[in-house]
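The data block below is final-v2.txt; it holds compact mmCIF, C-alpha atoms and all ligand atoms.
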# COMPACT_ATOMS: atom_id res chain seq x y z
CA MET A 1 0.00 0.00 0.00
CA LYS A 2 1.23 3.51 -0.80
CA LEU A 3 -0.28 6.94 -0.22
CA TYR A 4 0.65 9.57 -2.81
CA ASP A 5 0.93 12.72 -0.74
CA GLY A 6 1.12 16.39 -1.61
CA GLY A 7 2.97 18.26 1.14
CA ARG A 8 1.15 21.40 2.31
CA ALA A 9 -1.77 21.06 -0.12
CA PRO A 10 -5.12 20.84 1.70
CA ASN A 11 -6.65 17.64 0.34
CA PRO A 12 -3.69 15.36 1.10
CA ARG A 13 -3.61 16.98 4.54
CA ARG A 14 -7.21 15.92 5.15
CA VAL A 15 -6.10 12.29 4.75
CA ARG A 16 -3.01 12.76 6.93
CA VAL A 17 -5.06 14.33 9.75
CA TYR A 18 -7.61 11.52 9.44
CA LEU A 19 -4.90 8.83 9.64
CA ALA A 20 -3.30 10.57 12.63
CA GLU A 21 -6.66 10.60 14.44
CA LYS A 22 -6.98 6.87 13.76
CA GLY A 23 -3.38 6.08 14.67
CA ILE A 24 -2.82 4.47 11.27
CA THR A 25 0.57 4.64 9.55
CA VAL A 26 0.75 4.24 5.77
CA PRO A 27 3.89 4.38 3.60
CA THR A 28 3.80 7.61 1.62
CA GLU A 29 5.36 8.88 -1.58
CA PRO A 30 5.59 12.65 -1.98
CA VAL A 31 4.30 14.15 -5.22
CA ASP A 32 5.97 17.51 -5.83
CA LEU A 33 3.10 19.75 -6.95
CA GLY A 34 5.41 22.74 -7.37
CA ALA A 35 7.40 20.75 -9.95
CA LEU A 36 4.08 19.63 -11.56
CA GLN A 37 4.96 16.00 -10.87
CA GLN A 38 1.20 15.26 -10.70
CA LYS A 39 1.07 15.97 -14.43
CA SER A 40 3.85 13.51 -15.29
CA ALA A 41 2.97 10.47 -17.38
CA ALA A 42 4.01 8.23 -14.49
CA TYR A 43 1.57 9.86 -12.04
CA ALA A 44 -1.19 10.25 -14.62
CA ALA A 45 -1.04 6.48 -15.02
CA ILE A 46 -1.82 6.22 -11.28
CA ASN A 47 -4.48 8.95 -11.16
CA PRO A 48 -5.65 10.20 -14.57
CA VAL A 49 -7.25 13.23 -12.87
CA GLN A 50 -3.66 14.25 -11.94
CA ARG A 51 -4.48 15.29 -8.39
CA VAL A 52 -3.36 14.18 -4.94
CA PRO A 53 -3.97 12.34 -2.72
CA ALA A 54 -4.24 8.85 -4.18
CA LEU A 55 -3.96 5.53 -2.39
CA ALA A 56 -2.48 2.55 -4.29
CA LEU A 57 -3.42 -0.81 -2.79
CA ASP A 58 -1.26 -3.90 -3.02
CA ASP A 59 -3.67 -5.48 -5.52
CA GLY A 60 -3.18 -2.55 -7.91
CA THR A 61 -6.43 -0.75 -7.08
CA VAL A 62 -6.04 3.03 -6.87
CA ILE A 63 -8.42 5.03 -4.68
CA ALA A 64 -8.39 8.77 -5.31
CA GLU A 65 -10.50 11.50 -3.64
CA SER A 66 -9.67 12.32 -0.02
CA ILE A 67 -12.98 11.22 1.45
CA ALA A 68 -13.01 7.96 -0.52
CA ILE A 69 -9.56 7.19 0.93
CA CYS A 70 -10.76 8.02 4.45
CA ARG A 71 -13.84 5.85 3.98
CA TYR A 72 -11.64 2.93 2.91
CA PHE A 73 -9.73 3.15 6.18
CA GLU A 74 -12.94 3.76 8.17
CA ALA A 75 -14.32 0.43 6.92
CA LEU A 76 -11.13 -1.33 7.98
CA HIS A 77 -10.68 0.54 11.28
CA PRO A 78 -14.10 1.65 12.56
CA GLU A 79 -12.81 2.98 15.92
CA PRO A 80 -12.96 5.81 16.73
CA PRO A 81 -15.88 6.42 14.36
CA LEU A 82 -15.05 9.56 12.37
CA PHE A 83 -17.97 9.12 9.92
CA GLY A 84 -20.52 8.49 12.68
CA VAL A 85 -22.61 5.64 13.99
CA GLY A 86 -26.31 5.17 13.23
CA ALA A 87 -28.44 6.65 10.47
CA ARG A 88 -28.92 10.12 11.93
CA GLU A 89 -25.34 10.78 13.00
CA ILE A 90 -23.89 9.42 9.75
CA ALA A 91 -26.24 11.69 7.75
CA GLU A 92 -25.43 14.77 9.85
CA ILE A 93 -21.69 14.25 9.49
CA GLU A 94 -22.06 13.72 5.74
CA MET A 95 -24.17 16.89 5.50
CA TRP A 96 -21.60 18.99 7.34
CA ASN A 97 -18.65 17.51 5.54
CA ARG A 98 -20.26 18.26 2.17
CA ARG A 99 -21.24 21.76 3.26
CA LEU A 100 -17.69 22.44 4.39
CA GLU A 101 -16.32 21.15 1.11
CA LEU A 102 -18.79 22.87 -1.21
CA HIS A 103 -19.23 26.17 0.65
CA LEU A 104 -15.84 26.67 2.32
CA LEU A 105 -12.91 24.55 1.12
CA PHE A 106 -13.73 24.72 -2.59
CA PRO A 107 -14.47 28.49 -2.67
CA ILE A 108 -11.22 29.14 -0.74
CA ALA A 109 -9.39 26.90 -3.22
CA HIS A 110 -10.95 28.84 -6.14
CA ILE A 111 -9.71 32.11 -4.61
CA PHE A 112 -6.20 30.74 -4.04
CA ARG A 113 -5.91 29.01 -7.40
CA ASN A 114 -7.18 32.00 -9.37
CA THR A 115 -5.07 34.67 -7.65
CA HIS A 116 -1.79 33.15 -6.48
CA PRO A 117 1.10 33.55 -8.96
CA ALA A 118 2.49 30.13 -7.99
CA MET A 119 -0.74 28.52 -9.25
CA LYS A 120 -0.67 29.83 -12.79
CA GLU A 121 0.60 26.56 -14.27
CA MET A 122 -1.94 24.48 -12.33
CA GLU A 123 -5.01 26.65 -12.80
CA VAL A 124 -5.17 27.30 -16.53
CA PRO A 125 -6.55 29.81 -17.23
CA GLN A 126 -6.50 31.75 -13.97
CA VAL A 127 -9.73 33.76 -13.77
CA PRO A 128 -9.37 36.50 -11.11
CA ALA A 129 -13.09 37.36 -11.49
CA TRP A 130 -13.97 33.82 -10.33
CA ALA A 131 -11.83 34.38 -7.21
CA GLU A 132 -13.73 37.61 -6.53
CA ALA A 133 -17.07 35.86 -7.02
CA ASN A 134 -16.11 33.35 -4.34
CA ARG A 135 -14.97 35.84 -1.66
CA PRO A 136 -18.46 36.72 -0.40
CA ARG A 137 -19.46 33.04 -0.49
CA VAL A 138 -16.72 32.19 2.01
CA MET A 139 -17.85 34.95 4.37
CA GLU A 140 -21.54 34.01 4.02
CA PHE A 141 -20.80 30.41 4.92
CA LEU A 142 -18.58 31.38 7.88
CA ASP A 143 -21.53 33.32 9.24
CA ILE A 144 -23.76 30.23 8.95
CA LEU A 145 -21.10 28.09 10.64
CA TYR A 146 -20.68 30.71 13.39
CA ARG A 147 -24.38 30.58 14.20
CA ASP A 148 -24.55 26.77 14.08
CA LEU A 149 -21.50 26.21 16.25
CA LYS A 150 -22.92 28.14 19.17
CA ASP A 151 -24.64 25.05 20.59
CA ARG A 152 -21.99 22.38 20.17
CA PRO A 153 -18.25 21.78 20.49
CA PHE A 154 -17.67 20.19 17.08
CA VAL A 155 -19.01 20.85 13.60
CA ALA A 156 -21.43 17.93 13.49
CA GLY A 157 -22.21 17.47 17.19
CA ASP A 158 -20.58 16.38 20.42
CA ARG A 159 -17.68 14.49 18.96
CA TYR A 160 -14.80 15.13 16.57
CA THR A 161 -15.48 13.79 13.07
CA VAL A 162 -14.25 13.95 9.49
CA ALA A 163 -16.29 17.17 9.12
CA ASP A 164 -13.97 18.83 11.67
CA ILE A 165 -11.01 17.70 9.58
CA THR A 166 -12.42 19.30 6.42
CA GLY A 167 -13.22 22.45 8.41
CA LEU A 168 -9.78 22.65 10.03
CA VAL A 169 -7.99 22.20 6.71
CA ALA A 170 -10.27 24.75 5.00
CA ILE A 171 -9.75 27.42 7.67
CA ASP A 172 -5.97 26.87 7.65
CA PHE A 173 -6.04 27.20 3.85
CA MET A 174 -7.48 30.71 4.26
CA LYS A 175 -4.02 32.07 5.17
CA PRO A 176 -2.26 31.31 1.88
CA ALA A 177 -5.43 32.50 0.12
CA LYS A 178 -4.97 35.80 2.03
CA LEU A 179 -8.30 35.48 3.85
CA ALA A 180 -9.11 35.67 7.55
CA VAL A 181 -11.96 34.54 9.78
CA PRO A 182 -13.72 37.75 10.89
CA GLU A 183 -13.53 38.64 14.60
CA THR A 184 -17.33 38.49 14.69
CA CYS A 185 -17.29 34.74 13.94
CA ALA A 186 -16.31 34.01 17.54
CA ASN A 187 -17.69 30.45 17.61
CA VAL A 188 -15.71 29.54 14.50
CA ARG A 189 -12.52 30.95 16.04
CA ARG A 190 -13.17 29.08 19.31
CA TRP A 191 -13.83 25.78 17.49
CA HIS A 192 -10.80 26.24 15.19
CA ALA A 193 -8.51 26.98 18.15
CA ALA A 194 -9.75 23.82 19.89
CA VAL A 195 -9.31 21.43 16.94
CA SER A 196 -5.91 22.98 16.19
CA THR A 197 -4.59 21.80 19.59
CA ARG A 198 -5.16 18.14 18.71
CA PRO A 199 -1.87 16.32 17.85
CA SER A 200 -3.40 15.31 14.47
CA ALA A 201 -3.55 18.98 13.40
CA SER A 202 0.20 19.02 12.81
CA ALA A 203 -0.04 16.12 10.32
N1 LIG A 301 -11.58 16.27 -4.75
C1 LIG A 301 -10.20 15.90 -4.64
C2 LIG A 301 -9.35 17.14 -4.86
C3 LIG A 301 -7.89 16.81 -5.04
C4 LIG A 301 -7.09 18.08 -5.36
O1 LIG A 301 -7.59 19.04 -5.96
N2 LIG A 301 -5.81 18.05 -4.98
C5 LIG A 301 -4.94 19.17 -5.24
C6 LIG A 301 -4.08 19.42 -4.02
S1 LIG A 301 -5.07 19.98 -2.66
C7 LIG A 301 -4.02 18.85 -6.42
O2 LIG A 301 -3.64 17.72 -6.57
N3 LIG A 301 -3.68 19.85 -7.23
C8 LIG A 301 -2.79 19.68 -8.32
C9 LIG A 301 -3.23 20.43 -9.55
O3 LIG A 301 -4.20 21.17 -9.50
O4 LIG A 301 -2.55 20.28 -10.57
C10 LIG A 301 -9.94 15.26 -3.26
O5 LIG A 301 -10.77 15.43 -2.36
O6 LIG A 301 -8.94 14.56 -3.07
Could you write out this structure as structure tokens?
Ligand SMILES: N[C@@H](CCC(=O)N[C@@H](CS)C(=O)NCC(=O)O)C(=O)O
Amino acid sequence: MKLYDGGRAPNPRRVRVYLAEKGITVPTEPVDLGALQQKSAAYAAINPVQRVPALALDDGTVIAESIAICRYFEALHPEPPLFGVGAREIAEIEMWNRRLELHLLFPIAHIFRNTHPAMKEMEVPQVPAWAEANRPRVMEFLDILYRDLKDRPFVAGDRYTVADITGLVAIDFMKPAKLAVPETCANVRRWHAAVSTRPSASA
């Protein structure tokens, strides 16, 4: 088994944080995104979408997409349950994880990819207007998250889940995208500070 990793990039980090929470160690191979190694013929043969992370199993199967990789390990190592237990909790975690992807991580990624000079060979063409269109979306969603987090310690309820991992990684990705959580979003700042103290956050 081998995990193709991508250094500081947010999606590979989601898998690393998840594995750290589970206490699972997987052999990794770094893919140098700065050198566009993900676009090499060798890597494209592993993941034709040319993105990281990707998990190659010993039988030759390749699982791409961060959450698909996490779900693979969740099925093998159900404890602690990071995707929930029971119909309601599983659905709530899925809902929050998708919201955090669609309304926070992806818009932040659009802003970063369409404005940062280092991304011009990965995001072709860069469309600065698309970055601008996404700025208010990030702030609107942070306001929703701020209001929802007032009643609970973690994004999807009383325990830490994969939705907290997506949220942590998204908020940390705001810095390179030159964004900040507004002071008014106090519950988001409190939650982010708490999940950042977990040992897994440094993965
Ligand atoms: N939906 C995918 C997204 C993967 C993705 O976009 N990975 C980025 C790094 S965070 C990447 O490989 N970028 C390289 C490129 O755009 O060329 C997932 O969840 O794994």
Could you give me, as a tab-separated table, a per-residue list for chain A showing, wherever an atom lies at most 7 Å from an atom of ligand LIG 301 (chain A), the closest pair of atoms and their distance in Å to one decimal, using only C-alpha atoms and all ligand atoms and sorting by chain then residue number from low to high?
residue	atom	partner	partner_atom	distance
A:Gly6	CA	A:LIG301	C6	6.5
A:Ala9	CA	A:LIG301	S1	4.3
A:Pro10	CA	A:LIG301	S1	4.4
A:Asn11	CA	A:LIG301	S1	4.1
A:Pro12	CA	A:LIG301	S1	6.1
A:Leu33	CA	A:LIG301	C8	6.0
A:Leu36	CA	A:LIG301	O4	6.7
A:Gln38	CA	A:LIG301	O4	6.3
A:Lys39	CA	A:LIG301	O4	6.8
A:Gln50	CA	A:LIG301	O4	6.3
A:Arg51	CA	A:LIG301	O2	3.2
A:Val52	CA	A:LIG301	O2	3.9
A:Pro53	CA	A:LIG301	O6	5.5
A:Ala64	CA	A:LIG301	O6	6.2
A:Glu65	CA	A:LIG301	O6	3.5
A:Ser66	CA	A:LIG301	O6	3.9
A:Ile67	CA	A:LIG301	O5	6.1
A:Met122	CA	A:LIG301	O4	4.6
A:Glu123	CA	A:LIG301	O3	6.4
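Nearest residue to Thr166 of chain A among A:Gln126, A:Asn134, A:Ser202, A:Asn97 is A:Asn97, counting all atoms listed in the file.
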Report the distance between atom CA of Val169 of chain A and atom CA of Met139 of chain A in Å, rounded to one decimal place.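 A separation of 16.3 Å between them.
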Quick one: distance from atom CA of Ala177 of chain A to atom CA of Ala109 of chain A in Å, one decimal? 7.6 Å
Polymer residues at most 8 Å from Ala156 of chain A, only C-alpha atoms, same-chain spacing of 3 or more positions, as JSON, numbers by chain: {"A": [92, 93, 96, 159, 160, 161, 163, 164]}
For Arg152 of chain A, find every residue with an atom within 12 Å (counting all atoms listed in the file), except residues of its own chain fewer than 5 positions away, and show them as a list of chain:residue names.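 Contacts, with the query itself left out: A:Leu145, A:Tyr146, A:Arg147, A:Gly157, A:Asp158, A:Arg159, A:Tyr160, A:Asn187, A:Val188, A:Arg190, A:Trp191.
Minimum atom-to-atom distances from A:Val127, A:Ala133, A:Ala54, A:Val162 to Leu100 of chain A were compared using all atoms listed in the file, and the lowest value belongs to A:Val162.
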Between A:Pro153, A:Pro107, A:Pro136, A:Pro78, smallest distance to Arg189 of chain A by all atoms listed in the file belongs to A:Pro153
One-decimal distance in Å that lies between atom CA of Val17 of chain A and atom CA of Glu74 of chain A: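 Atom-to-atom, atom CA of Glu74 of chain A to atom CA of Val17 of chain A, that is 13.3 Å.
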